[in-house]
file my_file-v7.cif (mmCIF, C-alpha atoms)
data_model
#
loop_
_atom_site.label_atom_id
_atom_site.label_comp_id
_atom_site.auth_asym_id
_atom_site.auth_seq_id
_atom_site.Cartn_x
_atom_site.Cartn_y
_atom_site.Cartn_z
CA MET A 16 41.42 24.75 37.95
CA PRO A 17 44.92 23.25 37.92
CA GLU A 18 47.24 24.60 35.23
CA LEU A 19 50.43 23.83 33.38
CA VAL A 20 52.32 27.13 33.47
CA PHE A 21 55.53 27.71 31.52
CA PHE A 22 57.80 30.47 32.89
CA SER A 23 60.27 31.28 30.13
CA GLY A 24 63.21 33.59 29.67
CA THR A 25 66.89 33.77 28.82
CA MET A 26 69.64 32.60 31.09
CA ASP A 27 70.33 34.88 34.07
CA CYS A 28 66.77 36.26 34.29
CA GLY A 29 65.82 34.63 37.61
CA LYS A 30 63.87 31.52 36.59
CA SER A 31 65.32 29.26 39.29
CA THR A 32 65.00 32.03 41.87
CA LEU A 33 61.28 32.30 41.08
CA ALA A 34 60.93 28.51 41.26
CA LEU A 35 62.45 28.56 44.75
CA GLN A 36 60.19 31.47 45.74
CA ILE A 37 57.07 29.58 44.63
CA GLU A 38 58.26 26.55 46.58
CA HIS A 39 58.85 28.68 49.69
CA ASN A 40 55.47 30.45 49.50
CA ARG A 41 53.49 27.24 49.08
CA SER A 42 55.38 25.20 51.66
CA ALA A 43 54.91 28.06 54.14
CA ARG A 44 51.15 27.51 53.77
CA GLY A 45 51.45 23.82 54.59
CA LEU A 46 51.47 22.52 51.02
CA GLN A 47 53.89 19.85 49.82
CA GLY A 48 55.34 19.75 46.35
CA VAL A 49 57.67 17.69 44.20
CA ILE A 50 60.60 19.48 42.58
CA LEU A 51 61.96 18.06 39.34
CA THR A 52 65.11 19.20 37.58
CA ARG A 53 67.72 18.09 35.09
CA ASP A 54 71.37 19.04 34.60
CA ASP A 55 71.35 21.82 37.18
CA ARG A 56 74.63 23.74 37.55
CA ALA A 57 74.84 22.65 41.21
CA GLY A 58 74.89 18.97 40.33
CA GLU A 59 72.55 15.99 40.18
CA GLY A 60 69.33 16.22 42.18
CA LYS A 61 69.67 19.95 42.96
CA LEU A 62 67.74 23.10 42.10
CA SER A 63 69.98 26.13 42.52
CA SER A 64 69.79 29.87 42.02
CA ARG A 65 72.67 32.20 41.19
CA LEU A 66 71.77 34.05 44.38
CA GLY A 67 73.22 31.08 46.26
CA LEU A 68 69.98 29.27 47.20
CA VAL A 69 69.93 25.49 46.74
CA THR A 70 67.36 22.79 47.48
CA ASP A 71 67.04 19.08 46.81
CA ALA A 72 65.16 17.90 43.74
CA VAL A 73 64.36 14.75 41.79
CA GLU A 74 66.75 14.33 38.86
CA THR A 75 64.70 13.79 35.71
CA THR A 76 66.85 11.57 33.52
CA GLU A 77 66.09 10.73 29.90
CA ASP A 78 64.03 7.61 30.75
CA PHE A 79 62.33 9.03 33.87
CA ASP A 80 58.52 8.73 33.80
CA VAL A 81 57.16 11.78 35.60
CA TYR A 82 53.53 10.61 35.64
CA ALA A 83 54.36 7.09 36.88
CA TYR A 84 56.61 8.52 39.62
CA LEU A 85 53.83 10.74 40.98
CA VAL A 86 51.18 8.03 40.74
CA GLU A 87 53.42 5.69 42.74
CA LEU A 88 54.11 8.42 45.31
CA LEU A 89 50.41 9.09 45.83
CA SER A 90 49.57 5.36 45.85
CA ARG A 91 52.02 4.79 48.71
CA GLY A 92 50.25 7.43 50.76
CA GLY A 93 52.61 10.24 49.90
CA ARG A 94 51.43 13.77 49.42
CA CYS A 95 51.88 16.09 46.47
CA ASP A 96 49.96 19.34 46.04
CA TYR A 97 51.95 20.80 43.14
CA VAL A 98 54.94 20.13 40.89
CA ILE A 99 57.86 22.39 40.04
CA ALA A 100 59.92 21.46 36.96
CA ASP A 101 63.11 23.47 36.59
CA GLU A 102 65.46 23.32 33.57
CA ALA A 103 62.40 22.11 31.67
CA GLN A 104 64.05 22.79 28.32
CA PHE A 105 66.12 19.63 28.94
CA PHE A 106 63.02 17.44 29.47
CA THR A 107 62.00 15.24 26.56
CA PRO A 108 58.76 16.06 24.69
CA GLY A 109 57.32 12.85 26.17
CA GLN A 110 58.05 14.07 29.69
CA ILE A 111 56.30 17.36 28.91
CA ASP A 112 53.29 15.31 27.80
CA GLN A 113 53.48 13.55 31.17
CA LEU A 114 53.45 16.90 32.98
CA ALA A 115 50.29 17.84 31.10
CA ARG A 116 48.74 14.53 32.14
CA VAL A 117 49.65 15.25 35.76
CA VAL A 118 47.56 18.43 35.49
CA ASP A 119 44.63 16.82 33.70
CA ASP A 120 44.43 13.42 35.43
CA LEU A 121 45.85 14.09 38.90
CA GLY A 122 44.57 17.64 39.29
CA LEU A 123 47.93 19.15 40.29
CA ASP A 124 49.36 22.51 39.34
CA VAL A 125 52.62 22.23 37.40
CA PHE A 126 55.05 25.14 37.22
CA ALA A 127 57.71 24.63 34.54
CA PHE A 128 60.75 26.89 34.18
CA GLY A 129 63.11 26.96 31.23
CA ILE A 130 64.78 28.82 28.42
CA THR A 131 63.11 28.59 25.04
CA THR A 132 66.03 28.59 22.59
CA ASP A 133 69.54 27.17 22.58
CA PHE A 134 72.85 28.85 21.67
CA ARG A 135 71.95 28.53 17.97
CA SER A 136 68.64 30.37 18.57
CA LYS A 137 66.75 27.11 17.87
CA LEU A 138 63.92 25.87 20.09
CA PHE A 139 64.71 23.18 22.64
CA PRO A 140 62.37 20.18 22.04
CA GLY A 141 61.11 20.36 25.64
CA SER A 142 60.41 24.08 25.41
CA GLN A 143 58.68 23.67 22.05
CA ARG A 144 56.35 21.07 23.55
CA LEU A 145 55.64 23.35 26.51
CA VAL A 146 54.68 26.17 24.17
CA GLU A 147 52.32 23.76 22.43
CA LEU A 148 50.70 22.38 25.60
CA ALA A 149 50.91 25.00 28.37
CA ASP A 150 47.72 26.55 29.69
CA ARG A 151 49.68 29.74 30.29
CA ILE A 152 53.09 31.07 29.24
CA GLU A 153 54.70 33.72 31.42
CA ALA A 154 57.72 35.74 30.31
CA LEU A 155 59.81 36.63 33.33
CA GLN A 156 59.82 40.34 34.11
CA VAL A 157 63.43 40.54 35.29
CA GLU A 158 65.25 41.36 32.07
CA ALA A 159 68.75 40.08 31.53
CA LEU A 160 71.02 42.57 29.78
CA CYS A 161 73.48 42.19 26.94
CA TRP A 162 77.00 43.55 27.49
CA CYS A 163 75.97 46.59 25.42
CA GLY A 164 73.12 47.41 27.82
CA ALA A 165 70.27 46.34 25.54
CA ARG A 166 67.73 43.71 26.55
CA ALA A 167 69.25 40.23 26.18
CA THR A 168 67.12 37.91 24.08
CA HIS A 169 69.57 35.19 23.03
CA ASN A 170 71.74 32.64 24.81
CA ALA A 171 75.28 32.44 23.45
CA ARG A 172 77.74 29.60 24.03
CA THR A 173 81.36 30.69 24.36
CA VAL A 174 84.67 28.89 24.19
CA GLY A 175 87.51 30.97 25.56
CA GLY A 176 85.31 34.05 25.29
CA ALA A 177 84.51 33.51 21.59
CA MET A 178 80.96 32.66 20.51
CA VAL A 179 80.34 29.29 18.87
CA VAL A 180 77.23 28.26 16.92
CA GLU A 181 77.96 24.60 16.29
CA GLY A 182 78.10 21.59 18.58
CA ALA A 183 75.89 19.49 20.83
CA GLN A 184 72.66 21.18 21.89
CA VAL A 185 73.21 20.43 25.59
CA VAL A 186 76.54 21.20 27.25
CA VAL A 187 76.20 22.10 30.93
CA GLY A 188 77.77 25.44 31.79
CA ASP A 189 77.00 28.79 33.39
CA VAL A 190 76.98 32.48 32.54
CA ASP A 191 79.72 32.97 35.14
CA ALA A 192 82.09 30.74 33.15
CA GLY A 193 82.37 32.67 29.91
CA GLY A 194 85.64 34.55 30.43
CA LEU A 195 88.71 34.49 28.24
CA ASP A 196 90.27 31.67 30.27
CA ALA A 197 87.18 29.47 30.42
CA SER A 198 86.64 26.45 28.20
CA VAL A 199 82.84 26.37 27.75
CA GLY A 200 80.58 29.06 29.15
CA TYR A 201 77.40 30.95 28.33
CA GLU A 202 76.49 34.59 27.91
CA VAL A 203 73.21 36.36 27.27
CA VAL A 204 73.27 38.86 24.41
CA CYS A 205 70.88 40.90 22.30
CA ARG A 206 69.85 39.68 18.85
CA ARG A 207 72.14 42.13 17.06
CA HIS A 208 75.27 40.93 18.84
CA HIS A 209 74.23 37.28 18.56
CA ARG A 210 74.02 37.78 14.79
CA ARG A 211 77.43 39.47 14.80
CA ARG A 212 78.92 36.77 17.08
CA MET A 213 80.09 39.47 19.52
CA THR A 214 80.50 38.60 23.18
CA ALA A 215 81.69 40.91 25.94
CA ALA A 216 85.18 39.44 25.63
CA SER A 217 85.43 39.84 21.86
CA ALA A 218 84.02 43.39 22.03
CA ARG A 219 86.61 44.28 24.67
CA ALA A 220 89.39 42.83 22.51
CA VAL A 221 88.31 45.00 19.57
CA ALA A 222 88.13 48.11 21.74
CA LEU A 223 91.66 47.53 23.09
CA SER A 224 93.19 46.81 19.69
CA PRO A 225 95.89 49.40 18.71
CA ASP A 226 94.86 49.04 15.05
CA VAL A 227 91.21 50.04 15.27
CA LEU A 228 91.55 53.25 13.21
CA PRO A 229 95.01 53.38 11.58
CA VAL A 230 96.11 56.82 10.38
CA ASP A 231 98.86 57.29 7.80
CA THR A 232 100.18 60.80 8.49
CA ALA A 233 102.68 60.57 5.63
CA ALA A 234 99.83 60.40 3.15
CA ARG A 235 98.15 63.54 4.50
CA PRO A 236 98.46 66.42 1.98
CA ALA A 237 99.60 69.91 2.97
CA GLY A 238 96.95 72.59 3.09
CA PRO A 239 94.96 74.92 5.32
CA ASP A 240 93.43 73.56 8.50
CA PRO A 241 89.61 73.74 8.10
CA VAL A 242 89.23 75.08 11.67
CA THR A 243 92.20 77.38 12.33
CA GLY A 244 93.05 78.34 8.76
CA SER A 245 96.77 77.79 9.38
CA THR A 246 98.87 75.75 7.01
CA VAL A 247 99.12 72.10 7.90
CA ARG A 248 102.13 70.14 6.69
CA PRO A 249 102.57 66.33 6.85
#

call {"tool": "encode", "arguments": {"input": "my_file-v7.cif", "output": "structure tokens"}}
result
Amino acid sequence: MPELVFFSGTMDCGKSTLALQIEHNRSARGLQGVILTRDDRAGEGKLSSRLGLVTDAVETTEDFDVYAYLVELLSRGGRCDYVIADEAQFFTPGQIDQLARVVDDLGLDVFAFGITTDFRSKLFPGSQRLVELADRIEALQVEALCWCGARATHNARTVGGAMVVEGAQVVVGDVDAGGLDASVGYEVVCRRHHRRRMTAASARAVALSPDVLPVDTAARPAGPDPVTGSTVRP
């Protein structure tokens, strides 16, 4: 039976790489698919992985009708055996409904890939609709890591290395653009450091600060050292 499958995870956990792998495996068996994407880091009409792999895709703009596009393709004698939808969090809820209709009415498997929550830890509308409609939800097994080494569960937006929690929900950027000199970038962090608004850059700044633990030696009273027993004077 055809399925609508939602592969979810944080940024930097290999979603686009898996999408490209599924495309490769199926095309190697003689199947033909349609790849949909929106606002990919590589530009319009591209599906790209951080490993450097890129392929052409159909840009799914706000008013793009996924179901009508596929019906027209098949009506003209085109072939489509499956659909891959990358950056699915940016799709509108109506477009997610269209993907479900593609499964039910056209009998095609649909593989959707996306992050579930934005930089404010709020659900993207497209991801929310996928959670509501998907036949199966798969959490990617490649875990992204926070700068502290813990499992990353949240996507943080940074400006000049500092985390921000206000602004437009969609601003295209990448996890490789979150340094101190960058304007807008993204970083994956654990829940604890998302709550504390601590990025790798801000944590490094704190660690390098000369005033982390100030000691006033003049205020230290004279007395015996607790280890050596000798008299200690300020």

call {"tool": "resolve_selection", "arguments": {"input": "my_file-v7.cif", "expression": "the PyMOL selection byres ((chain A and resi 79) around 12)", "output": "list in words"}}
result
Leu51, Thr52, Arg53, Val73, Glu74, Thr75, Thr76, Glu77, Asp78, Asp80, Val81, Tyr82, Ala83, Tyr84, Leu85, Phe106, Thr107, Gly109, Gln110, Ile111, Gln113 and Leu114 of chain A

call {"tool": "resolve_selection", "arguments": {"input": "my_file-v7.cif", "expression": "the PyMOL selection byres ((chain A and resi 49) around 6)", "output": "list in words"}}
result
Gly48, Ile50 and Val98 of chain A

call {"tool": "atom_distance", "arguments": {"input": "my_file-v7.cif", "atom1": "atom CA of Arg166 of chain A", "atom2": "atom CA of Asp55 of chain A"}}
result
24.6 Å

call {"tool": "residues_around", "arguments": {"input": "my_file-v7.cif", "residues": "segment 208-219 of chain A", "least_positions_apart": "6", "cutoff": "8 Å", "atoms": "all atoms listed in the file", "output": "ChimeraX atom specification"}}
result
/A:162,169,171,176-179,194-195,202

call {"tool": "atom_distance", "arguments": {"input": "my_file-v7.cif", "atom1": "atom CA of Arg44 of chain A", "atom2": "atom CA of Thr32 of chain A"}}
result
18.8 Å

call {"tool": "residues_around", "arguments": {"input": "my_file-v7.cif", "residues": "Glu18 of chain A", "least_positions_apart": "4", "cutoff": "7 Å", "atoms": "all atoms listed in the file", "output": "PyMOL selection string"}}
result
chain A and resi 118+124-125+150

call {"tool": "residues_near_point", "arguments": {"input": "my_file-v7.cif", "point": "(71.2, 23.9, 45.7)", "cutoff": "9 Å", "atoms": "all atoms listed in the file", "output": "list in words"}}
result
Asp55, Arg56, Ala57, Gly58, Gly60, Lys61, Leu62, Ser63, Ser64, Gly67, Leu68, Val69, Thr70, Asp71 and Ala72 of chain A

call {"tool": "closest_residue", "arguments": {"input": "my_file-v7.cif", "among": "A:Leu35, A:Met16, A:Leu89, A:Ala115", "to": "Leu148 of chain A", "atoms": "only C-alpha atoms"}}
result
A:Ala115

call {"tool": "closest_residue", "arguments": {"input": "my_file-v7.cif", "among": "A:Ala159, A:Asn170, A:Ala127, A:Ser42", "to": "Gly29 of chain A", "atoms": "all atoms listed in the file"}}
result
A:Ala159

call {"tool": "closest_residue", "arguments": {"input": "my_file-v7.cif", "among": "A:Met26, A:Leu145, A:Ile99, A:Val117", "to": "Cys161 of chain A", "atoms": "all atoms listed in the file"}}
result
A:Met26

call {"tool": "resolve_selection", "arguments": {"input": "my_file-v7.cif", "expression": "the PyMOL selection byres ((chain A and resi 133) around 12)", "output": "mmCIF file with C-alpha atoms, keeping the file's coordinate frame"}}
result
data_model
loop_
_atom_site.group_PDB
_atom_site.id
_atom_site.type_symbol
_atom_site.label_atom_id
_atom_site.label_comp_id
_atom_site.auth_asym_id
_atom_site.auth_seq_id
_atom_site.Cartn_x
_atom_site.Cartn_y
_atom_site.Cartn_z
ATOM 1 C CA GLY A 24 63.210 33.590 29.670
ATOM 2 C CA THR A 25 66.890 33.770 28.820
ATOM 3 C CA MET A 26 69.640 32.600 31.090
ATOM 4 C CA GLN A 104 64.050 22.790 28.320
ATOM 5 C CA PHE A 105 66.120 19.630 28.940
ATOM 6 C CA GLY A 129 63.110 26.960 31.230
ATOM 7 C CA ILE A 130 64.780 28.820 28.420
ATOM 8 C CA THR A 131 63.110 28.590 25.040
ATOM 9 C CA THR A 132 66.030 28.590 22.590
ATOM 10 C CA PHE A 134 72.850 28.850 21.670
ATOM 11 C CA ARG A 135 71.950 28.530 17.970
ATOM 12 C CA SER A 136 68.640 30.370 18.570
ATOM 13 C CA LYS A 137 66.750 27.110 17.870
ATOM 14 C CA LEU A 138 63.920 25.870 20.090
ATOM 15 C CA PHE A 139 64.710 23.180 22.640
ATOM 16 C CA PRO A 140 62.370 20.180 22.040
ATOM 17 C CA GLY A 141 61.110 20.360 25.640
ATOM 18 C CA SER A 142 60.410 24.080 25.410
ATOM 19 C CA GLN A 143 58.680 23.670 22.050
ATOM 20 C CA THR A 168 67.120 37.910 24.080
ATOM 21 C CA HIS A 169 69.570 35.190 23.030
ATOM 22 C CA ASN A 170 71.740 32.640 24.810
ATOM 23 C CA ALA A 171 75.280 32.440 23.450
ATOM 24 C CA ARG A 172 77.740 29.600 24.030
ATOM 25 C CA VAL A 179 80.340 29.290 18.870
ATOM 26 C CA VAL A 180 77.230 28.260 16.920
ATOM 27 C CA GLU A 181 77.960 24.600 16.290
ATOM 28 C CA GLY A 182 78.100 21.590 18.580
ATOM 29 C CA ALA A 183 75.890 19.490 20.830
ATOM 30 C CA GLN A 184 72.660 21.180 21.890
ATOM 31 C CA VAL A 185 73.210 20.430 25.590
ATOM 32 C CA VAL A 186 76.540 21.200 27.250
ATOM 33 C CA VAL A 187 76.200 22.100 30.930
ATOM 34 C CA TYR A 201 77.400 30.950 28.330
ATOM 35 C CA GLU A 202 76.490 34.590 27.910
ATOM 36 C CA VAL A 203 73.210 36.360 27.270
ATOM 37 C CA HIS A 209 74.230 37.280 18.560
#

call {"tool": "atom_distance", "arguments": {"input": "my_file-v7.cif", "atom1": "atom CA of Cys205 of chain A", "atom2": "atom CA of Val146 of chain A"}}
result
22.0 Å

call {"tool": "closest_residue", "arguments": {"input": "my_file-v7.cif", "among": "A:Gly175, A:Ile37, A:Pro17, A:Phe128", "to": "Leu155 of chain A", "atoms": "all atoms listed in the file"}}
result
A:Phe128

call {"tool": "closest_residue", "arguments": {"input": "my_file-v7.cif", "among": "A:Ala43, A:Val86, A:Leu33, A:Ala100", "to": "Leu121 of chain A", "atoms": "all atoms listed in the file"}}
result
A:Val86

call {"tool": "build_atoms", "arguments": {"input": "my_file-v7.cif", "residues": "segment 142-156 of chain A", "atoms": "N, CA, C and O atoms", "output": "JSON list (two decimals), keeping the file's coordinate frame"}}
result
[["chain", "number", "residue", "atom", "x", "y", "z"],
["A", 142, "SER", "N", 61.06, 22.77, 25.39],
["A", 142, "SER", "CA", 60.41, 24.08, 25.41],
["A", 142, "SER", "C", 59.37, 24.19, 24.31],
["A", 142, "SER", "O", 58.30, 24.79, 24.50],
["A", 143, "GLN", "N", 59.66, 23.64, 23.14],
["A", 143, "GLN", "CA", 58.68, 23.67, 22.05],
["A", 143, "GLN", "C", 57.40, 22.96, 22.47],
["A", 143, "GLN", "O", 56.29, 23.46, 22.21],
["A", 144, "ARG", "N", 57.55, 21.82, 23.12],
["A", 144, "ARG", "CA", 56.35, 21.07, 23.55],
["A", 144, "ARG", "C", 55.59, 21.83, 24.63],
["A", 144, "ARG", "O", 54.35, 21.80, 24.66],
["A", 145, "LEU", "N", 56.31, 22.53, 25.49],
["A", 145, "LEU", "CA", 55.64, 23.35, 26.51],
["A", 145, "LEU", "C", 54.84, 24.48, 25.88],
["A", 145, "LEU", "O", 53.71, 24.78, 26.30],
["A", 146, "VAL", "N", 55.41, 25.11, 24.87],
["A", 146, "VAL", "CA", 54.68, 26.17, 24.17],
["A", 146, "VAL", "C", 53.41, 25.61, 23.55],
["A", 146, "VAL", "O", 52.36, 26.27, 23.52],
["A", 147, "GLU", "N", 53.48, 24.38, 23.07],
["A", 147, "GLU", "CA", 52.32, 23.76, 22.43],
["A", 147, "GLU", "C", 51.24, 23.34, 23.43],
["A", 147, "GLU", "O", 50.05, 23.36, 23.09],
["A", 148, "LEU", "N", 51.65, 22.98, 24.66],
["A", 148, "LEU", "CA", 50.70, 22.38, 25.60],
["A", 148, "LEU", "C", 50.31, 23.27, 26.79],
["A", 148, "LEU", "O", 49.27, 23.04, 27.41],
["A", 149, "ALA", "N", 51.13, 24.25, 27.13],
["A", 149, "ALA", "CA", 50.91, 25.00, 28.37],
["A", 149, "ALA", "C", 49.58, 25.74, 28.36],
["A", 149, "ALA", "O", 49.14, 26.27, 27.33],
["A", 150, "ASP", "N", 48.93, 25.76, 29.53],
["A", 150, "ASP", "CA", 47.72, 26.55, 29.69],
["A", 150, "ASP", "C", 48.06, 28.04, 29.69],
["A", 150, "ASP", "O", 47.25, 28.87, 29.27],
["A", 151, "ARG", "N", 49.28, 28.33, 30.17],
["A", 151, "ARG", "CA", 49.68, 29.74, 30.29],
["A", 151, "ARG", "C", 51.20, 29.82, 30.13],
["A", 151, "ARG", "O", 51.92, 28.99, 30.66],
["A", 152, "ILE", "N", 51.65, 30.83, 29.40],
["A", 152, "ILE", "CA", 53.09, 31.07, 29.24],
["A", 152, "ILE", "C", 53.40, 32.44, 29.83],
["A", 152, "ILE", "O", 52.76, 33.44, 29.45],
["A", 153, "GLU", "N", 54.34, 32.48, 30.75],
["A", 153, "GLU", "CA", 54.70, 33.72, 31.42],
["A", 153, "GLU", "C", 56.15, 34.06, 31.10],
["A", 153, "GLU", "O", 57.06, 33.27, 31.35],
["A", 154, "ALA", "N", 56.36, 35.26, 30.53],
["A", 154, "ALA", "CA", 57.72, 35.74, 30.31],
["A", 154, "ALA", "C", 58.18, 36.43, 31.58],
["A", 154, "ALA", "O", 57.48, 37.31, 32.11],
["A", 155, "LEU", "N", 59.33, 36.05, 32.09],
["A", 155, "LEU", "CA", 59.81, 36.63, 33.33],
["A", 155, "LEU", "C", 60.08, 38.12, 33.17],
["A", 155, "LEU", "O", 60.60, 38.56, 32.13],
["A", 156, "GLN", "N", 59.74, 38.89, 34.19],
["A", 156, "GLN", "CA", 59.82, 40.34, 34.11],
["A", 156, "GLN", "C", 61.20, 40.90, 34.41],
["A", 156, "GLN", "O", 61.49, 42.05, 34.11]]
